[in-house]
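Enquirer: Structure incoming, see below.
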Amino acid sequence: MYWSSWDAFWAMGGHAFFVWMSFGALFLALAVELVLLRVRRNRALGDIEEERELEAEN
Amino acid sequence: MNWFYFSSPSTFYGLAGRLAPWLFALAAVTAAWGLYLGLLVAPTDAQQGEVYRVIFIHVPTAWMSMFLYFVMACYCGLTLVFNTRLSAMMARAIAPTGALFTAVALWTGSFWGKPTWGTYWVWDARLTSELVLLFLYFGFIALSNAFEDPRRGDRAAALLAIIGVVNLPIIYFSVQWWNTLHQGSSVSFKGTSMHVTMLTGMLVMSFSAWFYAAGAALVRVRSIILERERRAHWVRELKEG
Amino acid sequence: MTEGRAALEVRDIACRRGPALLFSKLDFDVFPGELLCVRGPNGCGKTTLLRCVTGLTRPDAGRITWLGQSVPEDPARFRGDIAYGGHLPGLKDDLTTEENLEFSLRLRDVAVDRDAIARALAAVGLEKRRRLPARRLSAGQRRRIGLARLALDPALLWILDEPLTALDDAGQAHFVELLDRHLARGGLALVATHHNLLPPSGKVRELRIAG
Amino acid sequence: MTEGRAALEVRDIACRRGPALLFSKLDFDVFPGELLCVRGPNGCGKTTLLRCVTGLTRPDAGRITWLGQSVPEDPARFRGDIAYGGHLPGLKDDLTTEENLEFSLRLRDVAVDRDAIARALAAVGLEKRRRLPARRLSAGQRRRIGLARLALDPALLWILDEPLTALDDAGQAHFVELLDRHLARGGLALVATHHNLLPPSGKVRELRIAG
Amino acid sequence: MSAPSRGTYSGGFAWAMARDLRLAWRHPDEIILTLAFFALVASLFPLGIGAEPQLLARIGPGVIWVGALLAAFLALPGIFATDFIDGSLEQMTLSPHPPLGWAAGKIAAHWIISGLPLTLMSPLIGLQYGLTGDTLLVEALSLALGTPILSLLGGACAALALGARGGGMLLALLALPLFVPVLIFGAGAAEAQATGLAPTPHLSLLAAALIAALVGVPAAVVAAVRISVD
Amino acid sequence: MSAPSRGTYSGGFAWAMARDLRLAWRHPDEIILTLAFFALVASLFPLGIGAEPQLLARIGPGVIWVGALLAAFLALPGIFATDFIDGSLEQMTLSPHPPLGWAAGKIAAHWIISGLPLTLMSPLIGLQYGLTGDTLLVEALSLALGTPILSLLGGACAALALGARGGGMLLALLALPLFVPVLIFGAGAAEAQATGLAPTPHLSLLAAALIAALVGVPAAVVAAVRISVD
Ligand code: HEM
Ligand SMILES: Nc1ncnc2c1ncn2[C@@H]1O[C@H](COP(=O)(O)OP(=O)(O)OP(=O)(O)O)[C@@H](O)[C@H]1O
Ligand SMILES: Nc1ncnc2c1ncn2[C@@H]1O[C@H](COP(=O)(O)OP(=O)(O)OP(=O)(O)O)[C@@H](O)[C@H]1O
Ligand SMILES: [Mg+2]
Ligand SMILES: [Mg+2]
């Protein structure tokens with residue numbers, strides 16, 4: 001372990017803003033993508049359902 | 001292995017479904033290991049101080065942004081030459097993740113640039129060509145969705161992706177061809193100028209990014225297959241079962 | 001309603017295009033319950049005449065009177081009373097069949113409910129294409145949206161240019177039926193066409209423009 | 001010319017649009033001197049079928065053979081042999097009638113002399129509109145440029161979508177005459193139309209697509 | 001048969017807004033494309049001119065305004081041209097709703113689709129050019145006041161250019177000179193702020209111009225549409 | 001009945017050139033409009049950013065290139081889009097002439113109508129920005145080499161975007177990123193000359209790119225047109 005304390009870790013030698021903005025953005029972006037993937041999958045499954053109903057209707 | 005067996009969307013749908021969880025798991029494990037090395041173990045950089053730790057996500061995402069474009073263009077080549085359906089779907093599935101990594105590379109680069117270069121943005125060749133890459137991804141996504149008929153979108157976007165491949169060498173070699181602020185390659189076949197822990201951390205993070213990208217692309221391609229093959233028999237049976 | 005006297009009176013109308021005089025000193029009336037067919041060879045000026053009557057094109061001479069009142073004096077009232085269907089369909093390719101119909105009725109300030117729209121679309125055989133963007137429709141299906149609009153629009157005067165284009169036999173029969181109902185209710189129609197239009201109960205007159 | 005055997009053979013062609021299967025397992029032949037009328041209600045897929053045959057649209061299945069040779073093997077040859085007239089006229093609004101005709105013939109690699117063009121335009125009644133930009137022409141006059149083109153193009157196979165649209169009686173008669181001459185010379189025609197086409201001397205068959 | 005409708009201003013306005021927004025919403029990617037275009041044009045300049053930070057900060061406000069102006073310009077055909085081509089404009093002029101209503105509605109929808117997103121996006125581009133805090137704010141404010149003027153003036157020009165040959169280019173020639181004063185005051189505001197002067201004179205001039213345009217332009221648009229359909 | 005024609009490359013090329021030039025000639029004002037647009041964009045800058053002579057001379061080459069690029073971009077719909085809408089493109093793909101011929105002809109005509117006049121006009125704009133002798137020459141030379149590349153790349157993108165929703169904006173998103181390298185080298189050449197360096201490396205890179213584009217792009221255009229008419 002390189003750091004002396006967790007506080008030192010979070011402070012990142014005074015560059016906390018830049019480091020955590022970078023890491024934060026990455027994880028936020030990944031989270032958003034994962035949510036969007038889920039949404040898209042649910043929508044695709046829903047569309048199939050709808051299609052089937054339409055077909056039953058005709 | 002019989003490639004043709006898996007190149008049918010219905011069989012690939014199953015294969016992708018089985019692979020994706022493993023890929024995500026591997027991505028999580030390697031990410032944990034890489035972050036541990038990068039954030040907790042690796043020593044500070046003599047010149048830059050702690051900001052340099054951005055390297056552990058900047059470089060993997062930057063590499064991935066180019067690599068994914070390359071893979072996408074290969075699938076596009078298959079689409080145009082053999083008119084295979086699955087390859088076009090894979091290209092569509094990769095594009096958003098590629099764009100995401102490109103955007104993150106730009107973002108992390110900017111936040112690294114502010115403390116080291118004193119500015120968020122400069123218009124040098126490396127940064128600009130990376131921005132162009134982002135626009136190429138956007139163009140690909142927009143064009144592939146701009147047609148009523150998805151097959152037409154596939155082919156048009158495939159052609160665009162292939163034309164855009166010219167940009168990749170420009171990004172990669174820009175630091176050599178032009179005088180740029182951005183630093184040149186420090187990882188090369190001749191050996192590297194980096195601390196071993198840093199290098200390991202970066203490579204582990206790169207693998208993690210690769211696993212993640214593959215997993216995300218496979219999950220997305222499953223949705224795309226469902227959207228496209230909505231009316232196929234096997235999709236119907238899929239839900240009924 | 002001013003039964004007995006002409007609702008639309010057109011007097012002394014003239015139009016030239018470049019060196020060609022298309023028509024001049026043309027007089028005609030249309031009475032309630034009457035269909036006036038404008039006929040003549042290609043390029044004789046039927047489209048131009050209809051556009052002059054609506055006010056889209058400015059004639060070189062002529063007076064138009066609607067319900068006893070000169071049109072330029074109260075154009076808004078005249079516009080409220082006419083339904084025009086020209087060579088161009090006025091459909092948005094990106095809107096669905098349903099949306100196209102709904103917006104074109106709202107533009108005519110006709111109050112519409114969803115059921116009436118659904119019924120009108122079913123009557124022209126578009127119930128299964130309700131949600132399809134208009135760009136995907138066939139030539140005849142696009143025209144049928146226009147028929148559905150006519151069925152729902154209470155306008156008194158129909159001004160139609162080649163309404164039978166691209167329609168199949170069933171579609172043509174449907175149009176004649178709509179027209180007949182319109183005339184029976186005391187409506188007027190001014191129609192340019194190369195087809196023979198014979199609404200069973202309406203009065204039909206012809207206006208011939210020389211070629 | 002391969003008299004006696006079909007010049008155009010279409011086998012097992014299928015096309016779906018969205019959820020709708022327009023047609024499938026459709027087989028037909030066209031023989032020299034024969035007119036095949038494609039018929040069916042609005043939206044049944046006539047236009048789509050014609051576009052599939054020309055190669056403008058990719059069918060979902062099917063094989064097309066022209067003069068005994070599969071079309072995909074030598075598409076250039078097939079393209080040299082067909083004259084296609086679709087819903088869109090392919091006219092440039094800014095070019096004159098004459099120029100439009102001339103350029104569309106040169107595009108088909110047909111050698112043309114000015115006299116022939118003037119005569120063909122006169123035959124469709126456009127001699128006085130020769131120098132007029134196409135945007136000024138009436139709906140029927142625009143269509144008549146297409147008739148003049150057909151008269152001058154030696155293509156063996158005509159593929160026409162609603163060729164009678166917007167034409168007056170004289171124009172329709174002129175088209176039938178052209179078609180008759182084409183068939184008499186051993187030409188073939190594949191025509192989608194809602195009108196009745198009865199070229200006096202040609203053989204006529206019908207292909208019906210269910211709605 | 002019921003009494004004929006005479007239409008209303010608000011009916012026409014609501015109709016046009018609802019329809020044009022629905023059309024835009026059908027393809028939300030188009031709005032993103034407008035933004036992408038804005039970003040692209042803004043990035044062309046540093047590439048062409050070179051990238052010294054002072055120079056960029058100096059030309060930043062101007063470039064952002066030029067980008068916004070060109071993006072607003074490219075969206076102009078959406079106001080009337082497409083409706084002219086497919087015959088919708090004919091139907092509109094024959095509608096009982098008075099033209100002032102729907103013409104204003106169409107222009108408002110155009111601004112919501114093009115000007116508003118541009119304004120919201122401008123700070124991001126400003127950052128790339130190294131602009132700072134207050135300057136960014138003033139820039140966004142000047143765009144918020146200026147882009148509606150662009151939509152109004154552009155709408156009038158688009159209506160005039162309908163059916164004329166030369167399409168986009170003619171429109172450019174008509175619209176861009178009219179846009180110039182807006183550009184001068186708009187870019188001037190941010191520049192004044194950047195150099196430590198008060199931006200208020202520029203901004204209040206823009207506001208005055210906006211009010212004048214709101215009052216005067218719609219009537220001009222109506223006249224232009226009348227001429228074009230003929 | 002005569003033997004069917006199989007068409008020729010040269011026949012298609014000549015047909016497309018003759019037709020598109022005739023169309024342009026019918027309205028010579030459009031070429032003037034292109035030039036006017038170029039002049040306008042170039043003059044917007046001094047207005048947007050103020051008119052100090054050194055600053056202007058500094059940004060001159062870049063602004064001229066950006067203006068030329070935007071003007072070439074705005075002329076793009078003329079290559080294929082109008083032909084697509086009125087059905088001419090259908091007729092072309094059904095023509096016995098091989099598509100490579102007429103596609104190349106259309107692109108060549110586009111360059112003659114847009115790129116060539118821009119190149120010839122550039123020295124005039126350069127003078128306005130206070131550029132001098134050799135720099136003007138190098139600027140014109142770089143445009144002469146660069147604008148054909150713009151026409152070629154733009155043609156490919158225009159063909160790809162045919163029939164797509166999103167119109168001009170989509171085209172911008174596709175074409176402008178591809179134009180970027182051309183812009184960098186083109187503006188770089190004149191700038192190098194202005195700052196006393198040799199412009200030859202930039203110019204030879206442009207020439208190489210032009211040759212590559214001439215060889216590669218027409219085939220891509222043909223592929224794109226094929227995809228679009230489908
Ligand atoms: C928005 C700004 C930036 C962008 C778009 C960008 C883009 C890239 C790209 C595409 C790569 C991978 C290419 C390669 O491996 O040669 C890369 C690698 C790298 N970047 Fe950046 N970068 C940016 C800012 C920065 C900054 C500010 C720094 C540090 C001062 C930096 C340091 C590095 C390093 C060390 C590498 C790894 C090079 C190697 O070892 O091969 N980058 N960057
Ligand atoms: N500038 C001009 N010079 C000469 N003739 C012109 C000019 N502009 C238009 N025309 C002619 O005016 C006529 C316009 O006719 P219009 O469109 O009203 O005909 P139409 O009766 O509707 O024909 P169709 O049956 O073909 O629809 C055409 O004959 C056209 O050629
Ligand atoms: N995405 C889609 N979903 C459902 N139906 C579609 C879709 N795209 C096209 N269609 C339908 O496909 C058919 C295309 O028909 P086509 O244009 O070939 O008809 P047509 O026989 O030429 O008709 P017309 O006589 O009206 O010209 C139409 O019925 C249209 O509604
Ligand atoms: Mg007419
Ligand atoms: Mg049809």
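A note on labels: chains of the structure tokens are A, B, ... as shown, every chain counts residues from 1, and ligands are counted from 1 in their shown order.
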Considering only C-alpha atoms, return as an mmCIF file with N, CA, C and O atoms, in the first residue's frame whatever protein or nucleic-acid residues lie within 9 Å of E:Ala39, sequence-local ones (same chain, fewer than 5 positions apart) excluded.

Expert:
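Wrote it out as around_0.cif, contents follow:
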```cif
data_model
loop_
_atom_site.group_PDB
_atom_site.id
_atom_site.type_symbol
_atom_site.label_atom_id
_atom_site.label_comp_id
_atom_site.auth_asym_id
_atom_site.auth_seq_id
_atom_site.Cartn_x
_atom_site.Cartn_y
_atom_site.Cartn_z
ATOM 1 N N THR E 34 -28.040 18.840 -35.015
ATOM 2 C CA THR E 34 -27.812 20.287 -34.987
ATOM 3 C C THR E 34 -26.671 20.611 -34.028
ATOM 4 O O THR E 34 -25.771 21.398 -34.348
ATOM 5 N N LEU E 44 -13.794 23.466 -36.422
ATOM 6 C CA LEU E 44 -13.053 23.668 -37.676
ATOM 7 C C LEU E 44 -12.069 24.822 -37.532
ATOM 8 O O LEU E 44 -10.970 24.781 -38.074
ATOM 9 N N ILE E 64 -18.229 31.021 -31.735
ATOM 10 C CA ILE E 64 -19.439 30.389 -31.219
ATOM 11 C C ILE E 64 -20.671 31.001 -31.876
ATOM 12 O O ILE E 64 -21.590 30.296 -32.315
ATOM 13 N N GLY E 67 -20.884 29.764 -35.432
ATOM 14 C CA GLY E 67 -21.365 28.380 -35.451
ATOM 15 C C GLY E 67 -22.862 28.311 -35.213
ATOM 16 O O GLY E 67 -23.588 27.623 -35.935
ATOM 17 N N MET E 121 -26.138 24.490 -25.219
ATOM 18 C CA MET E 121 -24.878 23.797 -25.464
ATOM 19 C C MET E 121 -23.687 24.743 -25.481
ATOM 20 O O MET E 121 -22.540 24.318 -25.315
ATOM 21 N N SER E 122 -23.946 26.035 -25.686
ATOM 22 C CA SER E 122 -22.829 26.958 -25.936
ATOM 23 C C SER E 122 -21.775 26.977 -24.831
ATOM 24 O O SER E 122 -20.582 27.095 -25.139
ATOM 25 N N ILE E 125 -18.930 24.514 -25.542
ATOM 26 C CA ILE E 125 -18.000 24.940 -26.594
ATOM 27 C C ILE E 125 -17.129 26.065 -26.069
ATOM 28 O O ILE E 125 -15.935 26.135 -26.359
#
```

Enquirer: Please check which protein, DNA or RNA residues sit within 8 Å of ligand 2, counting only C-alpha atoms and all ligand atoms, and write them as an mmCIF file with C-alpha atoms, in the first residue's frame.

Expert:
```cif
data_model
loop_
_atom_site.group_PDB
_atom_site.id
_atom_site.type_symbol
_atom_site.label_atom_id
_atom_site.label_comp_id
_atom_site.auth_asym_id
_atom_site.auth_seq_id
_atom_site.Cartn_x
_atom_site.Cartn_y
_atom_site.Cartn_z
ATOM 1 C CA ARG C 16 -52.589 33.584 -69.220
ATOM 2 C CA ARG C 17 -49.343 31.718 -68.778
ATOM 3 C CA GLY C 18 -46.407 33.123 -70.678
ATOM 4 C CA PRO C 19 -47.535 33.663 -74.264
ATOM 5 C CA ALA C 20 -50.457 31.256 -73.922
ATOM 6 C CA LEU C 22 -55.357 29.441 -71.110
ATOM 7 C CA ARG C 39 -62.934 18.921 -68.455
ATOM 8 C CA GLY C 40 -60.493 19.374 -71.269
ATOM 9 C CA PRO C 41 -57.287 17.996 -72.737
ATOM 10 C CA ASN C 42 -53.956 17.936 -70.903
ATOM 11 C CA GLY C 43 -52.573 21.382 -70.330
ATOM 12 C CA CYS C 44 -55.778 23.260 -71.102
ATOM 13 C CA GLY C 45 -55.770 24.950 -67.719
ATOM 14 C CA LYS C 46 -57.998 22.902 -65.419
ATOM 15 C CA THR C 47 -55.556 22.955 -62.541
ATOM 16 C CA THR C 48 -54.943 26.638 -63.076
ATOM 17 C CA LEU C 49 -58.664 27.361 -62.999
ATOM 18 C CA ASP C 161 -58.038 18.123 -58.871
ATOM 19 C CA GLU C 162 -57.975 14.602 -60.338
ATOM 20 C CA ALA C 192 -61.238 18.531 -62.599
ATOM 21 C CA THR C 193 -60.926 15.023 -63.945
ATOM 22 C CA HIS C 194 -60.363 12.839 -66.980
ATOM 23 C CA ARG D 129 -43.950 23.538 -75.237
ATOM 24 C CA LEU D 132 -40.616 25.448 -71.773
ATOM 25 C CA ARG D 136 -44.208 24.913 -66.078
ATOM 26 C CA LEU D 137 -45.853 21.882 -67.652
ATOM 27 C CA SER D 138 -49.192 20.499 -66.516
ATOM 28 C CA ALA D 139 -49.399 17.097 -64.840
ATOM 29 C CA GLY D 140 -50.456 15.412 -68.070
ATOM 30 C CA GLN D 141 -47.847 17.163 -70.170
ATOM 31 C CA ARG D 142 -45.098 15.893 -67.906
ATOM 32 C CA ALA D 166 -52.994 12.136 -65.529
ATOM 33 C CA LEU D 167 -53.350 11.480 -69.265
ATOM 34 C CA ASP D 168 -56.496 12.654 -71.074
#
```

Enquirer: Just checking: using only C-alpha atoms, which residue out of D:Arg106, D:His195, D:Arg119, D:Arg5 ends up closest to chain F?

Expert: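 Smallest distance to chain F is found for D:Arg106.
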
Enquirer: Please identify every residue of chain B that has at least one atom no more than 10 Å from any atom of chain D, counting only C-alpha atoms, and report them as a list in words.

Expert: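 Output check: Glu148, Asp149, Arg230 and Arg231 of chain B.
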
Enquirer: Using only C-alpha atoms, find each residue of chain C with at least one atom at most 12 Å away from an atom of chain F; report its shortest atom-to-atom pair and that distance in Å (one decimal), sort the rows by chain and rising residue number, and return the result as JSON lines.

Expert:
```
{"residue": "C:Asp93", "atom": "CA", "partner": "F:Arg165", "partner_atom": "CA", "distance": 10.4}
{"residue": "C:Asp94", "atom": "CA", "partner": "F:Arg165", "partner_atom": "CA", "distance": 9.0}
{"residue": "C:Arg135", "atom": "CA", "partner": "F:Gly163", "partner_atom": "CA", "distance": 11.0}
```

Enquirer: Tell me, as a PyMOL selection string, which residues lie within 7 Å of stretch 72-78 of chain B, counting only C-alpha atoms; anything in the same chain fewer than 6 positions away does not count.

Expert: chain B and resi 84+87-88+90-91+94+158+161-162

Enquirer: Could those residues be written to a file, using all heavy atoms, as a PDB file, in the first residue's frame?

Expert:
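Output below, filename result_39.pdb:
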```pdb
ATOM      1  N   THR B  84     -23.660 -10.489 -44.690  1.00  0.00           N
ATOM      2  CA  THR B  84     -24.117 -11.274 -43.551  1.00  0.00           C
ATOM      3  C   THR B  84     -24.887 -10.375 -42.590  1.00  0.00           C
ATOM      4  O   THR B  84     -24.518  -9.237 -42.371  1.00  0.00           O
ATOM      5  CB  THR B  84     -22.922 -11.878 -42.801  1.00  0.00           C
ATOM      6  OG1 THR B  84     -21.918 -10.875 -42.705  1.00  0.00           O
ATOM      7  CG2 THR B  84     -22.382 -13.075 -43.526  1.00  0.00           C
ATOM      8  N   SER B  87     -23.032  -9.757 -38.835  1.00  0.00           N
ATOM      9  CA  SER B  87     -21.908  -8.833 -38.747  1.00  0.00           C
ATOM     10  C   SER B  87     -22.409  -7.393 -38.644  1.00  0.00           C
ATOM     11  O   SER B  87     -21.873  -6.587 -37.886  1.00  0.00           O
ATOM     12  CB  SER B  87     -20.990  -8.999 -39.947  1.00  0.00           C
ATOM     13  OG  SER B  87     -21.715  -8.805 -41.134  1.00  0.00           O
ATOM     14  N   ALA B  88     -23.464  -7.079 -39.389  1.00  0.00           N
ATOM     15  CA  ALA B  88     -24.005  -5.719 -39.315  1.00  0.00           C
ATOM     16  C   ALA B  88     -24.557  -5.442 -37.924  1.00  0.00           C
ATOM     17  O   ALA B  88     -24.365  -4.357 -37.370  1.00  0.00           O
ATOM     18  CB  ALA B  88     -25.096  -5.538 -40.357  1.00  0.00           C
ATOM     19  N   MET B  90     -23.527  -6.815 -35.161  1.00  0.00           N
ATOM     20  CA  MET B  90     -22.400  -6.656 -34.254  1.00  0.00           C
ATOM     21  C   MET B  90     -21.812  -5.251 -34.366  1.00  0.00           C
ATOM     22  O   MET B  90     -21.488  -4.619 -33.363  1.00  0.00           O
ATOM     23  CB  MET B  90     -21.313  -7.698 -34.559  1.00  0.00           C
ATOM     24  CG  MET B  90     -21.525  -9.038 -33.903  1.00  0.00           C
ATOM     25  SD  MET B  90     -21.806  -8.934 -32.126  1.00  0.00           S
ATOM     26  CE  MET B  90     -20.163  -8.533 -31.532  1.00  0.00           C
ATOM     27  N   ALA B  91     -21.692  -4.758 -35.597  1.00  0.00           N
ATOM     28  CA  ALA B  91     -21.142  -3.406 -35.772  1.00  0.00           C
ATOM     29  C   ALA B  91     -22.014  -2.392 -35.048  1.00  0.00           C
ATOM     30  O   ALA B  91     -21.518  -1.524 -34.326  1.00  0.00           O
ATOM     31  CB  ALA B  91     -21.037  -3.073 -37.259  1.00  0.00           C
ATOM     32  N   ILE B  94     -21.415  -2.589 -31.320  1.00  0.00           N
ATOM     33  CA  ILE B  94     -20.145  -2.082 -30.810  1.00  0.00           C
ATOM     34  C   ILE B  94     -20.126  -0.558 -30.769  1.00  0.00           C
ATOM     35  O   ILE B  94     -19.546   0.044 -29.864  1.00  0.00           O
ATOM     36  CB  ILE B  94     -18.988  -2.615 -31.690  1.00  0.00           C
ATOM     37  CG1 ILE B  94     -18.849  -4.122 -31.479  1.00  0.00           C
ATOM     38  CG2 ILE B  94     -17.697  -1.916 -31.359  1.00  0.00           C
ATOM     39  CD1 ILE B  94     -17.868  -4.756 -32.429  1.00  0.00           C
ATOM     40  N   ALA B 158     -21.951   0.901 -42.898  1.00  0.00           N
ATOM     41  CA  ALA B 158     -20.751   0.074 -43.058  1.00  0.00           C
ATOM     42  C   ALA B 158     -19.751   0.776 -43.971  1.00  0.00           C
ATOM     43  O   ALA B 158     -18.551   0.846 -43.683  1.00  0.00           O
ATOM     44  CB  ALA B 158     -21.122  -1.289 -43.635  1.00  0.00           C
ATOM     45  N   ALA B 161     -18.093   3.571 -42.117  1.00  0.00           N
ATOM     46  CA  ALA B 161     -17.103   3.107 -41.148  1.00  0.00           C
ATOM     47  C   ALA B 161     -15.803   2.771 -41.849  1.00  0.00           C
ATOM     48  O   ALA B 161     -14.713   3.072 -41.360  1.00  0.00           O
ATOM     49  CB  ALA B 161     -17.644   1.900 -40.400  1.00  0.00           C
ATOM     50  N   ILE B 162     -15.920   2.157 -43.018  1.00  0.00           N
ATOM     51  CA  ILE B 162     -14.705   1.744 -43.712  1.00  0.00           C
ATOM     52  C   ILE B 162     -13.937   2.951 -44.237  1.00  0.00           C
ATOM     53  O   ILE B 162     -12.719   3.022 -44.141  1.00  0.00           O
ATOM     54  CB  ILE B 162     -15.067   0.751 -44.824  1.00  0.00           C
ATOM     55  CG1 ILE B 162     -15.449  -0.564 -44.153  1.00  0.00           C
ATOM     56  CG2 ILE B 162     -13.911   0.560 -45.761  1.00  0.00           C
ATOM     57  CD1 ILE B 162     -16.021  -1.563 -45.076  1.00  0.00           C
TER      58      ILE B 162
END
```

Enquirer: Counting only C-alpha atoms, which residue out of F:Val138, F:Leu124, F:Ile112, F:Leu56 sits closest to chain E?

Expert: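 Comparing F:Val138, F:Leu124, F:Ile112, F:Leu56 against chain E, the winner is F:Leu56.
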
Enquirer: Suppose you want the space between atom CA of C:Ala134 and atom CA of E:Thr93; what is it in Å?

Expert: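 Between atom CA of C:Ala134 and atom CA of E:Thr93 the gap is 22.1 Å.
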
Enquirer: With a distance cut-off of 7 Å and only C-alpha atoms, select the neighbouring residues of D:Ala184, excluding the residue or stretch itself and same-chain residues fewer than 4 positions from it, and output the selection as a ChimeraX atom specification.

Expert: /D:33,180,202
